[in-house]
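**Q** Here's a structure for you.
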Amino acid sequence: MNKSFLILTLITLLSFGCKEKNKENTINSTPKTEIDKTLLKEKEPQPEIIVKPINHASFILEYEDIVIYVDPVGGPELYKNEKKPSVVLITDIHEDHFDLETFEGIMTDTAQPITPPDVAIKIPEALQYNLFAVRNNAKVDYTKAGLDVVVYSVPMYNLREEALEFHPKGRGNGYIVELGGQRIYISGDTEDIPEMRQLTDIDIAFVCMNLPYTMTVESAASAVLDFKPKKVYPYHYKGTEGFSDVEKFKSMVTEGNKDIEVVQLDWYK
């Protein structure tokens, strides 16, 4: 075998090895690209929960095709341009939380209300077809009905001796709503009760503050600093002496914990 043939054979083998190595590198790089794309898809932002203040204690939560009305009052006209409710939450018997005319006007065949029993007895039987009348510490799981919503009723009541008659313990409900992967606390009419201070894992909180019916700005801020929601909306802040100082509330919360975002909306248009 001559020297020229040996050299030619060696060059051919080396060339083939390089091609196979490049082929291997190309094959191994493909899964990495696919995994990176998958990780990017998992980090895509989720739809936000939209908050629409109506007035005082009344507001709407929207998440994709789920619409939750909270304490709808003020007449059906206020809601004529809004999406129809999937769930209706009513916290108490007072006129700033429950109004039969408004309730009748916003109800549909598919709307599912949750109310305290003392509210339920004020609703005509013809409108009670989807109604859950629950006391404190109950759970209503709408996922079984095809809605990705779970609602827990929680206590709301007064602590001060002079205010006990306004909201006795056990009559009304606050609510925790699990919606869109978040836990939303709705205080209803309450003071800074132990059950509020002991809340955990709250993403969004709606906290009342008005005298003489609920609590002071200081009490509300103190409670919020205890249960540490990620975001808090002061609402229901008009009392007999006018509006509570929500800017002071924001300042107290921010000074106590900068990680809590205080969001002020226009509740009194």
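The chains in the structure tokens are called A, B, ... from first to last as shown; in each chain the residues are counted from 1, and the ligands are counted from 1 in the order shown.
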Excluding A:Asn158 and its own-chain neighbours fewer than 6 positions away, which residues fall within 8 Å of it when counting only C-alpha atoms? Please give them as a ChimeraX atom specification.
**A** /A:164,166-169,190-191,193,214
**Q** Can those selected residues be exported to a file as a compact mmCIF listing (two decimals), in the first residue's frame so that it contains C-alpha atoms?
**A**
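Output below, filename out_26.txt:
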# COMPACT_ATOMS: atom_id res chain seq x y z
CA LEU A 164 -72.52 46.62 68.83
CA PHE A 166 -74.90 48.23 64.16
CA HIS A 167 -73.42 44.87 63.19
CA PRO A 168 -73.87 42.06 65.71
CA LYS A 169 -71.58 39.08 65.35
CA THR A 190 -66.65 45.38 60.41
CA GLU A 191 -64.11 46.61 62.88
CA ILE A 193 -61.74 41.94 64.52
CA THR A 214 -67.29 50.47 61.22
**Q** Taking only residues of stretch 155-188 of chain A that have an atom at most 12 Å from an atom of stretch 79-89 of chain A, what is each one's shortest atom pair and its distance in Å to one decimal, using only C-alpha atoms, in chain and number order, as JSON lines?
**A**
{"residue": "A:Gly172", "atom": "CA", "partner": "A:Leu89", "partner_atom": "CA", "distance": 11.3}
{"residue": "A:Asn173", "atom": "CA", "partner": "A:Leu89", "partner_atom": "CA", "distance": 9.3}
{"residue": "A:Gly174", "atom": "CA", "partner": "A:Leu89", "partner_atom": "CA", "distance": 9.3}
{"residue": "A:Tyr175", "atom": "CA", "partner": "A:Leu89", "partner_atom": "CA", "distance": 8.1}
{"residue": "A:Ile176", "atom": "CA", "partner": "A:Leu89", "partner_atom": "CA", "distance": 10.6}
{"residue": "A:Val177", "atom": "CA", "partner": "A:Leu89", "partner_atom": "CA", "distance": 9.9}
{"residue": "A:Leu179", "atom": "CA", "partner": "A:Val87", "partner_atom": "CA", "distance": 11.5}
{"residue": "A:Ile186", "atom": "CA", "partner": "A:Leu89", "partner_atom": "CA", "distance": 9.7}
{"residue": "A:Ser187", "atom": "CA", "partner": "A:Leu89", "partner_atom": "CA", "distance": 11.8}
{"residue": "A:Gly188", "atom": "CA", "partner": "A:Leu89", "partner_atom": "CA", "distance": 10.3}
**Q** State, in Å with one decimal place, the distance from atom CA of A:Asp148 to atom CA of A:Ile114.
**A**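 Atom CA of A:Ile114 lies 15.7 Å from atom CA of A:Asp148.
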**Q** Quick one: DSSP helix (DSSP H, G or I) residues in stretch 102-251 of chain A, as a PyMOL selection string?
**A** chain A and resi 102-106+117-120+125-127+142-145+161-163+194-197+217-227+246-251
**Q** Those same residues - C-alpha atoms - I'd like them written as an mmCIF file, in the first residue's frame.
**A**
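Listing of result-v7.cif after writing:
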data_model
loop_
_atom_site.group_PDB
_atom_site.id
_atom_site.type_symbol
_atom_site.label_atom_id
_atom_site.label_comp_id
_atom_site.auth_asym_id
_atom_site.auth_seq_id
_atom_site.Cartn_x
_atom_site.Cartn_y
_atom_site.Cartn_z
ATOM 1 C CA THR A 102 -81.567 46.616 42.434
ATOM 2 C CA PHE A 103 -81.321 42.912 43.179
ATOM 3 C CA GLU A 104 -84.407 42.152 41.073
ATOM 4 C CA GLY A 105 -83.055 44.296 38.232
ATOM 5 C CA ILE A 106 -79.637 42.635 37.996
ATOM 6 C CA PRO A 117 -79.860 34.256 55.981
ATOM 7 C CA ASP A 118 -81.170 37.603 57.286
ATOM 8 C CA VAL A 119 -80.929 38.955 53.727
ATOM 9 C CA ALA A 120 -82.309 35.813 52.087
ATOM 10 C CA GLU A 125 -89.045 33.017 46.638
ATOM 11 C CA ALA A 126 -89.259 33.449 42.860
ATOM 12 C CA LEU A 127 -85.732 34.947 42.907
ATOM 13 C CA TYR A 142 -68.748 27.100 42.082
ATOM 14 C CA THR A 143 -66.173 24.967 40.261
ATOM 15 C CA LYS A 144 -68.690 22.119 40.363
ATOM 16 C CA ALA A 145 -71.021 24.323 38.311
ATOM 17 C CA GLU A 161 -69.664 48.733 73.006
ATOM 18 C CA GLU A 162 -71.445 51.769 71.567
ATOM 19 C CA ALA A 163 -71.474 50.202 68.086
ATOM 20 C CA PRO A 194 -59.312 39.102 65.389
ATOM 21 C CA GLU A 195 -60.607 37.063 62.443
ATOM 22 C CA MET A 196 -59.457 39.827 60.098
ATOM 23 C CA ARG A 197 -56.046 40.214 61.704
ATOM 24 C CA VAL A 217 -58.554 54.798 59.731
ATOM 25 C CA GLU A 218 -56.007 53.901 62.409
ATOM 26 C CA SER A 219 -57.745 50.608 63.238
ATOM 27 C CA ALA A 220 -58.048 49.708 59.563
ATOM 28 C CA ALA A 221 -54.365 50.420 58.906
ATOM 29 C CA SER A 222 -53.321 48.433 61.987
ATOM 30 C CA ALA A 223 -55.341 45.405 60.858
ATOM 31 C CA VAL A 224 -53.959 45.592 57.308
ATOM 32 C CA LEU A 225 -50.409 45.684 58.655
ATOM 33 C CA ASP A 226 -51.234 42.528 60.612
ATOM 34 C CA PHE A 227 -52.640 40.371 57.802
ATOM 35 C CA VAL A 246 -57.915 57.632 53.156
ATOM 36 C CA GLU A 247 -54.641 59.467 52.437
ATOM 37 C CA LYS A 248 -53.747 59.049 56.095
ATOM 38 C CA PHE A 249 -54.637 55.374 55.830
ATOM 39 C CA LYS A 250 -52.340 55.026 52.832
ATOM 40 C CA SER A 251 -49.522 56.832 54.598
#
**Q** Mind pulling up the distance from atom CA of A:Gly170 to atom CA of A:Lys122?
**A**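 Result for atom CA of A:Lys122 versus atom CA of A:Gly170: 17.3 Å, one decimal.
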**Q** Using only C-alpha atoms, find the one residue out of A:Asp266, A:Glu255, A:Glu165, A:Asp201 that sits nearest to A:Tyr233.
**A**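 Ranking A:Asp266, A:Glu255, A:Glu165, A:Asp201 by distance to A:Tyr233, first place goes to A:Asp266.
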**Q** Using only C-alpha atoms, which residue out of A:Val253, A:Val154, A:Val67, A:Val51 lies closest to A:Arg135?
**A**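 The closest residue to A:Arg135 is A:Val154.
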**Q** What residues in stretch 57-95 of chain A get the DSSP label strand (DSSP E)? Please answer as a VMD selection string.
**A** chain A and resid 58 to 63 66 to 70 87 to 89
**Q** Write a file of the selected residues as a tab-separated table (two decimals), in the first residue's frame, keeping N, CA and C atoms.
**A**
chain	number	residue	atom	x	y	z
A	58	SER	N	-70.42	49.20	46.95
A	58	SER	CA	-70.80	48.43	45.75
A	58	SER	C	-69.68	48.46	44.71
A	59	PHE	N	-69.32	47.28	44.22
A	59	PHE	CA	-68.32	47.22	43.16
A	59	PHE	C	-68.45	45.91	42.38
A	60	ILE	N	-67.69	45.84	41.28
A	60	ILE	CA	-67.72	44.68	40.40
A	60	ILE	C	-66.30	44.16	40.22
A	61	LEU	N	-66.15	42.85	40.26
A	61	LEU	CA	-64.89	42.19	39.93
A	61	LEU	C	-65.08	41.44	38.62
A	62	GLU	N	-64.13	41.60	37.71
A	62	GLU	CA	-64.19	40.88	36.43
A	62	GLU	C	-62.88	40.14	36.21
A	63	TYR	N	-63.00	38.88	35.82
A	63	TYR	CA	-61.83	38.09	35.45
A	63	TYR	C	-62.23	37.19	34.29
A	66	ILE	N	-65.80	35.76	33.99
A	66	ILE	CA	-66.43	35.69	35.31
A	66	ILE	C	-66.66	37.11	35.83
A	67	VAL	N	-67.89	37.40	36.25
A	67	VAL	CA	-68.25	38.73	36.74
A	67	VAL	C	-68.91	38.59	38.11
A	68	ILE	N	-68.37	39.28	39.10
A	68	ILE	CA	-68.90	39.19	40.47
A	68	ILE	C	-69.38	40.57	40.90
A	69	TYR	N	-70.66	40.67	41.25
A	69	TYR	CA	-71.21	41.90	41.81
A	69	TYR	C	-71.14	41.80	43.34
A	70	VAL	N	-70.66	42.87	43.97
A	70	VAL	CA	-70.60	42.92	45.43
A	70	VAL	C	-71.52	44.03	45.91
A	87	VAL	N	-71.82	35.77	39.72
A	87	VAL	CA	-72.02	35.60	41.16
A	87	VAL	C	-72.39	36.95	41.75
A	88	VAL	N	-73.28	36.95	42.73
A	88	VAL	CA	-73.66	38.17	43.45
A	88	VAL	C	-73.41	37.93	44.94
A	89	LEU	N	-72.59	38.79	45.56
A	89	LEU	CA	-72.29	38.68	46.98
A	89	LEU	C	-72.95	39.83	47.73
**Q** Restricting the calculation to only C-alpha atoms, which member of A:Ile260, A:Met215, A:Ile121, A:Ala133 is positioned closest to A:Leu159?
**A** A:Met215
**Q** Just the residues within 8 Å of A:Ala57, please, counting only C-alpha atoms, with nothing from its chain fewer than 6 positions along; format it as a PyMOL selection string.
**A** chain A and resi 70-71+96-97+188+235-236
**Q** So how many Å separate atom CA of A:Lys238 and atom CA of A:Asn210, to one decimal?
**A**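 Answer for the atom CA of A:Lys238 to atom CA of A:Asn210 separation: 5.6 Å.
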